[in-house]
Amino acid sequence: MKSTFQLRYWNHINGWLLVLPAVFMIGLFTHYPIGANIFHSLFSMGTVTRPEVFTGLENYRYLMDDDIFWKVLKNNLVYSMCTVPASISIALGMALLINRNIKGRSLVRMSFFTPTVLPMIAVANIWLFFYTPEYGLFDQVFAFFGGDSHNWLGNPNSALYCLIVMVIWKEAGFFMVFYLAALQQLSPELKEAGLVEGSGGWYYFRRVTFPLLMPTTLFVMVNAVINSFKLVDHLIIMTKGGPDNASSLLLYYIYENAFSFWDTSYAATLTVVLVFILAIITIIQFTVVEKRIHYR
Amino acid sequence: MRLWGVEIGKIIETAGAWLLGALWLLPVVFALWSSFHPAEYSTRFELFAPLTTENFVRAWSYAPFPRYLFNTFILVTLILAAQFVLCTLAAYGFARFDFFGKDFVFALVLLQLMIMPEVLLVENYRTIGELGLLDTIPAIGLPYMASAFGIFLLRQSFKTIPKELIEAAQVEGVSALGILWKVYIPLSKSTYIAYGLVSVSYHWNNFLWPLVVTSSVNSRPLTVGLAIFGAPESGVDWSIITAATVMTMAPLLVAFILFQRQFVQSFMHSGIK
C-alpha cells in the first residue's frame, strides 16, 4: 500500500511530466520571444561590418519622434473603434434574427457564417476587385446612379474605411455564433413572463435580453479588439499600408520594418509596444470583465 | 396586423434576414461567377453568359497549385496531430493532478490566448532560423503546436467527467495513462471534433506567419501561393486570379456546406467558457 506522502509525490511528478512538453513549446514561442523582443529593442541594428551595440532607450526615443508610428497607431485605433462596435452590433442583430422562427433560417445562418471559413487572403482578393476604379462593383453601382468613379483604395481618405467595411463583413458572422449560443441558453419562461407583463419587443430586449447577453458581449469584444491588432493579412493584398501609410496598421508596420527594411531592432521595439497594448487589454479583461461576469 | 394570415412584422423580419443573408453571400457568389465565365463577363452579369473552366485550367498551369495544396494539407494535418497529443497531455495534467505551481503555470499558458505567435513574428523568425528550419513545413506549424486554446478547451471538457468513472477504473488497476486513453479521450469526442474544425480552419487560412517563414514552392501553403499569384505586379488576368481564389477556399467551403451544423456548433462550443 502506497502512503499518502508517496501518492502526493507522484501527483507532482506526473502532473509536471504531462504539462511539460506543451509548457516548453509555449515558453519557446510566446514567453521567450516577448523577453527577446524587449532585449533586442535596447540594441542598435547590427550590420555586416558593424556589430549591434547596446543603445539603451535610443530606439524608443526614435519611436517617439517617428511620425509614421503615430500615424499607424492612430489608424489602428480608428480601425478598432470602427470594426469592433459595428461587427458586434451586426452580429447581435443577426443572432436575434436567426433565433426567431423565420423561413429558410438555416440557409440564412449559413450565409452569415460563410465569410468566417474563408481565408482573409481570398476575401481580400475578391474585395480588391470590388474597389477597383470604374470596373469594380462599387463604381458600377455608383455609375448606375450617375456617380463618378472613385479610386477607393488609392485615396488616403477612404483606404482605411474600405478595409474596415470588408473586415466587418468578414467578422460579424463569427461573432454571431457566440450570441446564438448565448441566446439558446436564455430560458423561454423569461420571455413568456416578459410578454405576460405586456412589455413590447424593444423594451424587453433593452431591459432583459441585452443585459443577460452582457457576458457574451464582453467576451466577443475582447476577441474583436485582439483581432483588430493581430490580423493584417488583407493589407498585404489590398493596400500595402498605403497610400502614404494611410491604411497601415501596427502589426503591418512591424512586418514592414522587419522583412522589407530589415530593421529588426526597430521592429522589436514596435513589437514591445504591441505586446504592451495586448497586455493592457488582457489586464482589463481579467480585472474588470471577469469580475463583472460570473460564470457558473 | 396580418396579411394573408401572416403577421406583417414576421414578413418584414423574414425579408430583412433574407436580404442581409443575400448581401453577405454576394462576394462569394461574385467570385464564383467571375471564375466560371470568360474574362469579358467578369463584370457584365448576363444570365446566359457562356460557362467555362478555362480560368481554372490556366491558373493551375501558371502556378504550382497542386504542390501548394499538398503543402497546406500536410501542414494542417501535422499541426492538428501535434496539437492533439500536446494539448491532451497538458489538459490531463491541469485537470486531474495537483502539482506544485499549477495555477501559476496555467496562467502562463493562457497568456498565449492574448498574445498569439504571429504577433511575435520578429523573434520567432529568429528562433526558427537558429533551429535551421527556415522554409520548411514544420517551421510554419511549430509555434502553434502547443495551443493554449486547445489546452483550455480540453481541460474544461476533462473536468466534467464524473469522478466515479475514474475511481472505478482505478479500482480495476488501470494506469494513469490508461485512464486518459480509455475514459477521458473517448468521453471528450465532441470537444476534439470542435477543436479540430476550428484549428483546421485557422491554419488552412493562416497567412502572415507562413509568408514570413517560407521562401520556396517546397513549403509554401495555398494562401501564400495565392498571394504571390494574385499580386498586381504578376500581371495575371482578373478572372484567373478569381479562379485561383476559388480553388484556395473551395475545400473548406465545401466541407462547411456539407457539415454546416457541425461547423457552427463547433465554433459555438469553442466560445463557451
# chains A, B, ... in the order shown; residues from 1 in each chain; ligands from 1
>>> residues_around(residues="B:His203", least_positions_apart="5", cutoff="12 Å", atoms="only C-alpha atoms", output="PyMOL selection string")
(chain A and resi 117-120) or (chain B and resi 71-80+83+140-145+196-198+208-210+221-223+252)
>>> write_last_selection(atoms="N, CA and C atoms", output="PDB file, in the first residue's frame")
ATOM      1  N   VAL A 117     -15.246  31.043 -42.694  1.00  0.00           N
ATOM      2  CA  VAL A 117     -14.409  29.915 -43.112  1.00  0.00           C
ATOM      3  C   VAL A 117     -13.529  30.258 -44.312  1.00  0.00           C
ATOM      4  N   LEU A 118     -13.621  31.471 -44.828  1.00  0.00           N
ATOM      5  CA  LEU A 118     -12.793  31.844 -45.976  1.00  0.00           C
ATOM      6  C   LEU A 118     -11.469  32.430 -45.511  1.00  0.00           C
ATOM      7  N   PRO A 119     -10.388  32.147 -46.236  1.00  0.00           N
ATOM      8  CA  PRO A 119      -9.112  32.771 -45.875  1.00  0.00           C
ATOM      9  C   PRO A 119      -9.180  34.284 -46.116  1.00  0.00           C
ATOM     10  N   MET A 120      -8.589  35.055 -45.217  1.00  0.00           N
ATOM     11  CA  MET A 120      -8.568  36.503 -45.374  1.00  0.00           C
ATOM     12  C   MET A 120      -7.952  36.909 -46.715  1.00  0.00           C
TER      13      MET A 120
ATOM     14  N   ASN B  71       1.076  21.012 -49.704  1.00  0.00           N
ATOM     15  CA  ASN B  71       1.749  21.613 -48.549  1.00  0.00           C
ATOM     16  C   ASN B  71       0.756  21.991 -47.459  1.00  0.00           C
ATOM     17  N   THR B  72      -0.336  22.650 -47.866  1.00  0.00           N
ATOM     18  CA  THR B  72      -1.342  23.052 -46.881  1.00  0.00           C
ATOM     19  C   THR B  72      -1.919  21.831 -46.187  1.00  0.00           C
ATOM     20  N   PHE B  73      -2.180  20.801 -46.964  1.00  0.00           N
ATOM     21  CA  PHE B  73      -2.761  19.590 -46.399  1.00  0.00           C
ATOM     22  C   PHE B  73      -1.828  18.966 -45.350  1.00  0.00           C
ATOM     23  N   ILE B  74      -0.545  18.858 -45.708  1.00  0.00           N
ATOM     24  CA  ILE B  74       0.445  18.318 -44.772  1.00  0.00           C
ATOM     25  C   ILE B  74       0.537  19.202 -43.524  1.00  0.00           C
ATOM     26  N   LEU B  75       0.578  20.514 -43.761  1.00  0.00           N
ATOM     27  CA  LEU B  75       0.708  21.470 -42.660  1.00  0.00           C
ATOM     28  C   LEU B  75      -0.424  21.319 -41.656  1.00  0.00           C
ATOM     29  N   VAL B  76      -1.655  21.319 -42.188  1.00  0.00           N
ATOM     30  CA  VAL B  76      -2.833  21.274 -41.324  1.00  0.00           C
ATOM     31  C   VAL B  76      -2.873  19.957 -40.550  1.00  0.00           C
ATOM     32  N   THR B  77      -2.525  18.861 -41.217  1.00  0.00           N
ATOM     33  CA  THR B  77      -2.528  17.549 -40.567  1.00  0.00           C
ATOM     34  C   THR B  77      -1.469  17.485 -39.468  1.00  0.00           C
ATOM     35  N   LEU B  78      -0.284  17.968 -39.797  1.00  0.00           N
ATOM     36  CA  LEU B  78       0.828  17.963 -38.850  1.00  0.00           C
ATOM     37  C   LEU B  78       0.476  18.754 -37.597  1.00  0.00           C
ATOM     38  N   ILE B  79      -0.056  19.969 -37.809  1.00  0.00           N
ATOM     39  CA  ILE B  79      -0.395  20.819 -36.665  1.00  0.00           C
ATOM     40  C   ILE B  79      -1.460  20.139 -35.813  1.00  0.00           C
ATOM     41  N   LEU B  80      -2.492  19.616 -36.467  1.00  0.00           N
ATOM     42  CA  LEU B  80      -3.597  19.019 -35.715  1.00  0.00           C
ATOM     43  C   LEU B  80      -3.120  17.813 -34.903  1.00  0.00           C
ATOM     44  N   GLN B  83      -1.059  19.062 -32.030  1.00  0.00           N
ATOM     45  CA  GLN B  83      -1.912  19.741 -31.051  1.00  0.00           C
ATOM     46  C   GLN B  83      -2.689  18.732 -30.212  1.00  0.00           C
ATOM     47  N   ILE B 140       6.397  26.333 -40.122  1.00  0.00           N
ATOM     48  CA  ILE B 140       5.127  27.065 -40.105  1.00  0.00           C
ATOM     49  C   ILE B 140       4.278  26.597 -38.930  1.00  0.00           C
ATOM     50  N   GLY B 141       4.364  25.305 -38.637  1.00  0.00           N
ATOM     51  CA  GLY B 141       3.495  24.737 -37.616  1.00  0.00           C
ATOM     52  C   GLY B 141       3.995  24.867 -36.188  1.00  0.00           C
ATOM     53  N   LEU B 142       5.318  24.815 -35.991  1.00  0.00           N
ATOM     54  CA  LEU B 142       5.893  24.742 -34.643  1.00  0.00           C
ATOM     55  C   LEU B 142       5.309  25.722 -33.616  1.00  0.00           C
ATOM     56  N   PRO B 143       5.234  27.034 -33.929  1.00  0.00           N
ATOM     57  CA  PRO B 143       4.765  27.955 -32.893  1.00  0.00           C
ATOM     58  C   PRO B 143       3.318  27.703 -32.457  1.00  0.00           C
ATOM     59  N   TYR B 144       2.559  26.957 -33.274  1.00  0.00           N
ATOM     60  CA  TYR B 144       1.146  26.771 -32.954  1.00  0.00           C
ATOM     61  C   TYR B 144       0.855  25.408 -32.334  1.00  0.00           C
ATOM     62  N   MET B 145       1.855  24.523 -32.269  1.00  0.00           N
ATOM     63  CA  MET B 145       1.569  23.145 -31.883  1.00  0.00           C
ATOM     64  C   MET B 145       1.101  23.006 -30.450  1.00  0.00           C
ATOM     65  N   GLY B 196     -10.845  20.469 -33.454  1.00  0.00           N
ATOM     66  CA  GLY B 196     -10.239  20.101 -34.734  1.00  0.00           C
ATOM     67  C   GLY B 196     -10.726  20.983 -35.870  1.00  0.00           C
ATOM     68  N   LEU B 197     -12.022  21.206 -35.919  1.00  0.00           N
ATOM     69  CA  LEU B 197     -12.562  22.047 -37.003  1.00  0.00           C
ATOM     70  C   LEU B 197     -12.052  23.478 -36.906  1.00  0.00           C
ATOM     71  N   VAL B 198     -12.047  24.012 -35.686  1.00  0.00           N
ATOM     72  CA  VAL B 198     -11.565  25.386 -35.509  1.00  0.00           C
ATOM     73  C   VAL B 198     -10.093  25.475 -35.909  1.00  0.00           C
ATOM     74  N   LEU B 208       0.078  35.336 -42.503  1.00  0.00           N
ATOM     75  CA  LEU B 208       1.232  36.207 -42.255  1.00  0.00           C
ATOM     76  C   LEU B 208       2.484  35.423 -41.836  1.00  0.00           C
ATOM     77  N   TRP B 209       2.345  34.550 -40.866  1.00  0.00           N
ATOM     78  CA  TRP B 209       3.493  33.778 -40.393  1.00  0.00           C
ATOM     79  C   TRP B 209       4.030  32.844 -41.488  1.00  0.00           C
ATOM     80  N   PRO B 210       3.156  32.080 -42.188  1.00  0.00           N
ATOM     81  CA  PRO B 210       3.681  31.268 -43.300  1.00  0.00           C
ATOM     82  C   PRO B 210       4.384  32.110 -44.372  1.00  0.00           C
ATOM     83  N   PRO B 221       2.317  27.322 -48.313  1.00  0.00           N
ATOM     84  CA  PRO B 221       0.933  26.845 -48.330  1.00  0.00           C
ATOM     85  C   PRO B 221       0.101  27.620 -49.358  1.00  0.00           C
ATOM     86  N   LEU B 222      -1.118  27.157 -49.575  1.00  0.00           N
ATOM     87  CA  LEU B 222      -2.016  27.761 -50.565  1.00  0.00           C
ATOM     88  C   LEU B 222      -2.180  29.268 -50.423  1.00  0.00           C
ATOM     89  N   THR B 223      -2.400  29.738 -49.188  1.00  0.00           N
ATOM     90  CA  THR B 223      -2.666  31.166 -49.016  1.00  0.00           C
ATOM     91  C   THR B 223      -1.494  32.009 -49.518  1.00  0.00           C
ATOM     92  N   LEU B 252     -12.402  24.103 -47.916  1.00  0.00           N
ATOM     93  CA  LEU B 252     -13.059  24.423 -46.646  1.00  0.00           C
ATOM     94  C   LEU B 252     -14.518  24.772 -46.854  1.00  0.00           C
TER      95      LEU B 252
END
>>> select_by_dssp(residues="stretch 143-234 of chain A", states="alpha helix (DSSP H)", output="ChimeraX atom specification")
/A:143-144,159-185,188-196,201-204,210-212,214-230,233-234
>>> atom_distance(atom1="atom CA of A:Gly35", atom2="atom CA of A:Ala267")
14.0 Å
>>> atom_distance(atom1="atom CA of A:Met238", atom2="atom CA of B:Met249")
18.0 Å
>>> residues_around(residues="A:Pro243", least_positions_apart="6", cutoff="9 Å", atoms="only C-alpha atoms", output="number ranges by chain")
A: 153-156, 159
>>> residues_around(residues="stretch 187-195 of chain B", least_positions_apart="2", cutoff="12 Å", atoms="only C-alpha atoms", output="VMD selection string")
chain B and resid 80 to 81 83 to 85 87 to 88 91 to 92 147 to 162 165 to 166 179 to 185 197 to 202 259 261 to 272
>>> closest_residue(among="A:Met166, A:Val78, A:Ala22, A:Leu213", to="chain B", atoms="only C-alpha atoms")
A:Ala22
>>> closest_residue(among="B:Ser34, B:Thr136, B:Ser215, B:Gln112", to="chain A", atoms="only C-alpha atoms")
B:Gln112
>>> residues_around(residues="A:Leu107", least_positions_apart="2", cutoff="12 Å", atoms="only C-alpha atoms", output="VMD selection string")
(chain A and resid 98 102 to 105 109 to 114) or (chain B and resid 17 to 22 24 to 25 257 260 to 261)
>>> closest_residue(among="A:Gly27, A:Gly93, A:Pro51, A:Pro211", to="A:Tyr179", atoms="only C-alpha atoms")
A:Gly93
>>> atom_distance(atom1="atom CA of A:Trp16", atom2="atom CA of B:Phe99")
6.8 Å
>>> closest_residue(among="A:Gly147, A:Gly56, A:Gly136, A:Pro188", to="chain B", atoms="only C-alpha atoms")
A:Gly136
>>> residues_around(residues="B:Asn124", least_positions_apart="2", cutoff="10 Å", atoms="only C-alpha atoms", output="ChimeraX atom specification")
/A:28-30,32-34,36-37 /B:117-122,126-130,139,142-143,209,213
>>> residues_around(residues="A:Trp152", least_positions_apart="3", cutoff="12 Å", atoms="only C-alpha atoms", output="PyMOL selection string")
chain A and resi 127-139+148-149+155-163+165+238-239+242-243+247
>>> write_last_selection(atoms="N, CA and C atoms", output="short mmCIF file (atom, residue, chain, number, x, y, z; two decimals), in the first residue's frame")
data_model
loop_
_atom_site.label_atom_id
_atom_site.label_comp_id
_atom_site.auth_asym_id
_atom_site.auth_seq_id
_atom_site.Cartn_x
_atom_site.Cartn_y
_atom_site.Cartn_z
N TRP A 127 -12.51 41.42 -52.63
CA TRP A 127 -12.88 42.81 -52.33
C TRP A 127 -12.00 43.81 -53.07
N LEU A 128 -10.78 43.40 -53.34
CA LEU A 128 -9.89 44.27 -54.12
C LEU A 128 -10.57 44.60 -55.44
N PHE A 129 -11.22 43.61 -56.01
CA PHE A 129 -11.89 43.84 -57.28
C PHE A 129 -13.14 44.70 -57.11
N PHE A 130 -13.83 44.54 -55.98
CA PHE A 130 -15.00 45.40 -55.72
C PHE A 130 -14.59 46.87 -55.72
N TYR A 131 -13.42 47.13 -55.20
CA TYR A 131 -12.97 48.52 -55.03
C TYR A 131 -12.23 49.06 -56.25
N THR A 132 -12.08 48.25 -57.29
CA THR A 132 -11.36 48.71 -58.48
C THR A 132 -12.08 49.91 -59.10
N PRO A 133 -11.33 50.98 -59.42
CA PRO A 133 -11.97 52.13 -60.07
C PRO A 133 -12.64 51.71 -61.38
N GLU A 134 -13.78 52.26 -61.65
CA GLU A 134 -14.57 52.08 -62.88
C GLU A 134 -15.16 50.68 -63.06
N TYR A 135 -14.33 49.64 -63.02
CA TYR A 135 -14.85 48.29 -63.30
C TYR A 135 -15.41 47.60 -62.07
N GLY A 136 -14.94 48.02 -60.89
CA GLY A 136 -15.33 47.34 -59.67
C GLY A 136 -16.82 47.47 -59.37
N LEU A 137 -17.30 46.58 -58.51
CA LEU A 137 -18.72 46.55 -58.20
C LEU A 137 -19.22 47.88 -57.64
N PHE A 138 -18.45 48.47 -56.74
CA PHE A 138 -18.89 49.72 -56.12
C PHE A 138 -19.03 50.84 -57.14
N ASP A 139 -18.03 50.96 -58.02
CA ASP A 139 -18.12 52.02 -59.02
C ASP A 139 -19.24 51.76 -60.01
N ASP A 148 -19.62 59.43 -60.00
CA ASP A 148 -18.31 59.38 -60.65
C ASP A 148 -17.56 58.14 -60.19
N SER A 149 -16.45 57.88 -60.87
CA SER A 149 -15.63 56.76 -60.43
C SER A 149 -14.74 57.23 -59.29
N ASN A 155 -7.10 56.40 -52.41
CA ASN A 155 -7.32 57.69 -51.79
C ASN A 155 -7.05 57.59 -50.28
N PRO A 156 -6.12 58.41 -49.76
CA PRO A 156 -5.77 58.30 -48.34
C PRO A 156 -6.98 58.51 -47.42
N ASN A 157 -8.01 59.22 -47.90
CA ASN A 157 -9.15 59.47 -47.03
C ASN A 157 -10.10 58.28 -46.94
N SER A 158 -10.05 57.40 -47.95
CA SER A 158 -11.02 56.31 -47.93
C SER A 158 -10.40 54.93 -47.74
N ALA A 159 -9.08 54.81 -47.97
CA ALA A 159 -8.47 53.47 -47.97
C ALA A 159 -8.76 52.69 -46.67
N LEU A 160 -8.53 53.34 -45.52
CA LEU A 160 -8.70 52.64 -44.25
C LEU A 160 -10.16 52.22 -44.07
N TYR A 161 -11.09 53.09 -44.47
CA TYR A 161 -12.50 52.78 -44.28
C TYR A 161 -12.97 51.64 -45.19
N CYS A 162 -12.33 51.55 -46.38
CA CYS A 162 -12.63 50.42 -47.26
C CYS A 162 -12.27 49.11 -46.58
N LEU A 163 -11.11 49.10 -45.91
CA LEU A 163 -10.70 47.89 -45.19
C LEU A 163 -11.66 47.60 -44.05
N VAL A 165 -14.86 48.30 -43.77
CA VAL A 165 -16.12 47.72 -44.25
C VAL A 165 -15.93 46.22 -44.52
N MET A 238 -4.26 44.27 -50.40
CA MET A 238 -5.10 45.37 -50.85
C MET A 238 -4.40 46.72 -50.95
N THR A 239 -3.65 47.10 -49.94
CA THR A 239 -3.11 48.46 -49.95
C THR A 239 -1.61 48.54 -49.64
N GLY A 242 -0.66 51.56 -47.76
CA GLY A 242 -0.70 52.86 -48.39
C GLY A 242 -2.10 53.36 -48.65
N PRO A 243 -2.31 54.46 -49.35
CA PRO A 243 -1.24 55.33 -49.84
C PRO A 243 -0.65 56.18 -48.71
N SER A 247 -3.42 53.53 -44.57
CA SER A 247 -4.18 52.38 -44.11
C SER A 247 -3.31 51.37 -43.38
#
>>> closest_residue(among="B:Ser61, B:Ser175, B:Asn55, B:Thr248", to="chain A", atoms="only C-alpha atoms")
B:Thr248
